[in-house]
Amino acid sequence: MTTVFIDGESGTTGLGIRERLGAMPQVTLKSLPSDRRRDPAARRDIMAEVDLIVLCLPDDAARESAAMAASLGNAAPKVLDASTAHRVAPGWVYGFAEMLPGQSERIAAAQHVANPGCYPTGGIGLIRPLVDAGLIPTDYPITINAVSGYSGGGKAMIQAHETTHGPAFELYGLGLEHKHVPETELYSGLTRRPIFVPSVGHYLKGMLVSVPLHLDTLPGKPAGADLLDVLKARYAGCDLVRVVDVPADGKLEPEALNDTDRLELTVHANEKYRQAVLVARLDNLGKGASGAAVQNIALMLGLHTGVGDRELADA
């Protein structure tokens, strides 16, 4: 039996993690009464009692909480941070288990793990294998376009969409300073900052992340099939990341993987025009947030590693 404390359990990601962990008999969840959740002494005491803490907090609060846990010395629990605070920080392992061979083992051995962002999970999942294979140069001018359901925007955006309807579709982050860009650049293996254009639609959850490519500008002028082969080789045998065939009607909608913890990757190529679009599809609250967190928790605590996928867990 292992014990977990979610610091910030009332937010969207925290609630999702709590729901998933609550279905795992190997895990006991520890909580503080609502009136003591901001009490530093109470938080420090409960951290000393558990095997692992999950930080579902704003960045500054996550840094403070991580420092509090570290102050416990030999009694410090393992830490999984779901915020942006430590995703590119030294000493933290990036929690995308399928990103590289051996990454799940690095997560399992780590004291500190940073849960990936939802958009970077799609972008890195598409780009990193092709960079490693030499098909995309590290300094290639990458553009990433993405759309998410409004649940990814937090409580204020959720309330806006559910009370006043909100816009049907909107671009945001057009100052090109989105907080997910640093981790996308670093873990995609890029040396040139990618252009990232996120957007939100008037639906709860579900995400598409797309990367357009001019094939003749890539080393060796690969065909779409070459890109597909690299992705299939990287993710062969993965339960949660799957490279799938292009739909017959040539369409992708973002909600197809809702309530799963899977990531699906497709390669859409037109050899006549030597162009391709890589697309990742996921539930931004599943593999993009709570699902990935529980997958990492399972690895860090030595539990069943497929527990993050509800379909696998139910099988």
# chains A, B, ... in the order shown; residues from 1 in each chain; ligands from 1
call {"tool": "select_by_dssp", "arguments": {"residues": "segment 65-222 of chain A", "states": "strand (DSSP E or B)", "output": "PyMOL selection string"}}
result
chain A and resi 78-81+93-94+112-114+143-149+169-171+195-201+207-214
call {"tool": "residues_around", "arguments": {"residues": "segment 72-78 of chain A", "least_positions_apart": "6", "cutoff": "8 Å", "atoms": "only C-alpha atoms", "output": "ChimeraX atom specification"}}
result
/A:47-48,50-53,110-112,300
call {"tool": "closest_residue", "arguments": {"among": "A:Asp229, A:Glu9, A:Glu185, A:Glu170", "to": "Ile142 of chain A", "atoms": "only C-alpha atoms"}}
result
A:Glu185
call {"tool": "closest_residue", "arguments": {"among": "A:His86, A:Arg193, A:His161, A:Arg128", "to": "Val113 of chain A", "atoms": "only C-alpha atoms"}}
result
A:His86
call {"tool": "residues_around", "arguments": {"residues": "Ala133 of chain A", "least_positions_apart": "3", "cutoff": "12 Å", "atoms": "only C-alpha atoms", "output": "PyMOL selection string"}}
result
chain A and resi 127-130+136-138+189+218-220+222+226-231+233-234
call {"tool": "write_last_selection", "arguments": {"atoms": "N, CA, C and O atoms", "output": "CSV table (one decimal), in the first residue's frame"}}
result
chain,number,residue,atom,x,y,z
A,127,ILE,N,7.4,15.2,-33.2
A,127,ILE,CA,8.6,15.7,-33.7
A,127,ILE,C,9.9,15.0,-33.3
A,127,ILE,O,10.8,14.7,-34.1
A,128,ARG,N,10.0,14.6,-32.0
A,128,ARG,CA,11.2,14.0,-31.5
A,128,ARG,C,11.7,12.8,-32.2
A,128,ARG,O,12.9,12.7,-32.5
A,129,PRO,N,10.9,11.8,-32.6
A,129,PRO,CA,11.4,10.7,-33.3
A,129,PRO,C,12.0,11.1,-34.7
A,129,PRO,O,13.0,10.5,-35.1
A,130,LEU,N,11.4,12.1,-35.3
A,130,LEU,CA,11.9,12.5,-36.6
A,130,LEU,C,13.2,13.3,-36.5
A,130,LEU,O,14.1,13.2,-37.4
A,136,ILE,N,14.3,15.5,-39.5
A,136,ILE,CA,14.0,16.9,-39.3
A,136,ILE,C,15.3,17.5,-38.6
A,136,ILE,O,15.7,17.0,-37.6
A,137,PRO,N,15.9,18.5,-39.2
A,137,PRO,CA,17.1,19.1,-38.6
A,137,PRO,C,16.8,19.8,-37.3
A,137,PRO,O,15.6,20.2,-37.1
A,138,THR,N,17.7,19.8,-36.4
A,138,THR,CA,17.4,20.5,-35.1
A,138,THR,C,17.1,21.9,-35.2
A,138,THR,O,16.4,22.5,-34.4
A,189,GLY,N,14.0,18.2,-29.2
A,189,GLY,CA,15.4,18.2,-29.7
A,189,GLY,C,15.7,19.3,-30.6
A,189,GLY,O,16.7,19.2,-31.4
A,218,LEU,N,13.4,18.9,-46.3
A,218,LEU,CA,14.0,18.0,-45.2
A,218,LEU,C,15.1,17.2,-45.8
A,218,LEU,O,15.2,16.9,-47.0
A,219,PRO,N,16.1,16.8,-45.0
A,219,PRO,CA,17.3,16.1,-45.4
A,219,PRO,C,16.8,14.8,-46.1
A,219,PRO,O,16.0,14.0,-45.6
A,220,GLY,N,17.4,14.5,-47.3
A,220,GLY,CA,17.1,13.3,-48.0
A,220,GLY,C,15.7,13.3,-48.7
A,220,GLY,O,15.4,12.4,-49.4
A,222,PRO,N,12.5,13.1,-47.8
A,222,PRO,CA,11.8,11.8,-47.5
A,222,PRO,C,10.3,11.9,-48.1
A,222,PRO,O,9.8,12.9,-48.3
A,226,ASP,N,8.2,7.5,-45.2
A,226,ASP,CA,9.4,7.4,-44.4
A,226,ASP,C,9.1,8.0,-43.0
A,226,ASP,O,9.6,7.5,-42.0
A,227,LEU,N,8.4,9.1,-43.0
A,227,LEU,CA,8.0,9.7,-41.7
A,227,LEU,C,7.2,8.7,-40.9
A,227,LEU,O,7.4,8.5,-39.7
A,228,LEU,N,6.2,8.1,-41.5
A,228,LEU,CA,5.3,7.1,-40.9
A,228,LEU,C,6.1,5.9,-40.3
A,228,LEU,O,5.9,5.5,-39.2
A,229,ASP,N,7.1,5.4,-41.1
A,229,ASP,CA,7.9,4.3,-40.6
A,229,ASP,C,8.7,4.6,-39.4
A,229,ASP,O,8.8,3.8,-38.5
A,230,VAL,N,9.2,5.9,-39.3
A,230,VAL,CA,10.0,6.3,-38.1
A,230,VAL,C,9.1,6.3,-36.9
A,230,VAL,O,9.4,5.9,-35.8
A,231,LEU,N,7.9,6.9,-37.0
A,231,LEU,CA,7.0,7.0,-35.9
A,231,LEU,C,6.5,5.6,-35.5
A,231,LEU,O,6.5,5.3,-34.3
A,233,ALA,N,8.2,2.8,-35.7
A,233,ALA,CA,9.3,2.1,-35.1
A,233,ALA,C,9.5,2.7,-33.7
A,233,ALA,O,9.7,1.9,-32.7
A,234,ARG,N,9.4,4.0,-33.5
A,234,ARG,CA,9.6,4.6,-32.1
A,234,ARG,C,8.5,4.1,-31.1
A,234,ARG,O,8.8,3.8,-30.0
call {"tool": "residues_around", "arguments": {"residues": "segment 104-107 of chain A", "least_positions_apart": "5", "cutoff": "7 Å", "atoms": "only C-alpha atoms", "output": "PyMOL selection string"}}
result
chain A and resi 93+95+97-98+113+296+299-300
call {"tool": "write_last_selection", "arguments": {"atoms": "N, CA and C atoms", "output": "short mmCIF file (atom, residue, chain, number, x, y, z; two decimals), in the first residue's frame"}}
result
data_model
loop_
_atom_site.label_atom_id
_atom_site.label_comp_id
_atom_site.auth_asym_id
_atom_site.auth_seq_id
_atom_site.Cartn_x
_atom_site.Cartn_y
_atom_site.Cartn_z
N VAL A 93 12.97 15.06 -14.00
CA VAL A 93 12.80 14.16 -15.14
C VAL A 93 11.48 14.51 -15.82
N GLY A 95 8.13 13.84 -17.61
CA GLY A 95 7.24 12.69 -17.47
C GLY A 95 6.47 12.27 -18.70
N ALA A 97 6.55 9.23 -20.75
CA ALA A 97 7.18 7.92 -20.64
C ALA A 97 7.59 7.32 -21.97
N GLU A 98 6.87 7.66 -23.04
CA GLU A 98 7.16 7.08 -24.36
C GLU A 98 8.08 7.94 -25.21
N VAL A 113 9.60 14.49 -10.79
CA VAL A 113 9.13 14.33 -12.17
C VAL A 113 8.20 15.48 -12.50
N ASN A 296 2.57 8.33 -14.62
CA ASN A 296 3.85 8.62 -13.97
C ASN A 296 3.86 8.20 -12.51
N LEU A 299 4.49 4.55 -12.31
CA LEU A 299 5.90 4.25 -12.54
C LEU A 299 6.73 4.59 -11.31
N MET A 300 6.49 5.76 -10.73
CA MET A 300 7.29 6.23 -9.59
C MET A 300 7.09 5.37 -8.35
#
call {"tool": "closest_residue", "arguments": {"among": "A:Ile17, A:Ile158, A:Val27, A:Ala298", "to": "His202 of chain A", "atoms": "only C-alpha atoms"}}
result
A:Ile158
call {"tool": "residues_around", "arguments": {"residues": "segment 281-283 of chain A", "least_positions_apart": "6", "cutoff": "7 Å", "atoms": "only C-alpha atoms", "output": "PyMOL selection string"}}
result
chain A and resi 205-209+254+257-265
call {"tool": "residues_around", "arguments": {"residues": "Glu177 of chain A", "least_positions_apart": "4", "cutoff": "9 Å", "atoms": "only C-alpha atoms", "output": "list of chain:residue names"}}
result
A:Gly173, A:Val181, A:Phe196
call {"tool": "select_by_dssp", "arguments": {"residues": "segment 99-301 of chain A", "states": "alpha helix (DSSP H)", "output": "NGL selection string"}}
result
:A and (103-109 or 118-132 or 154-164 or 181-188 or 224-234 or 291-301)
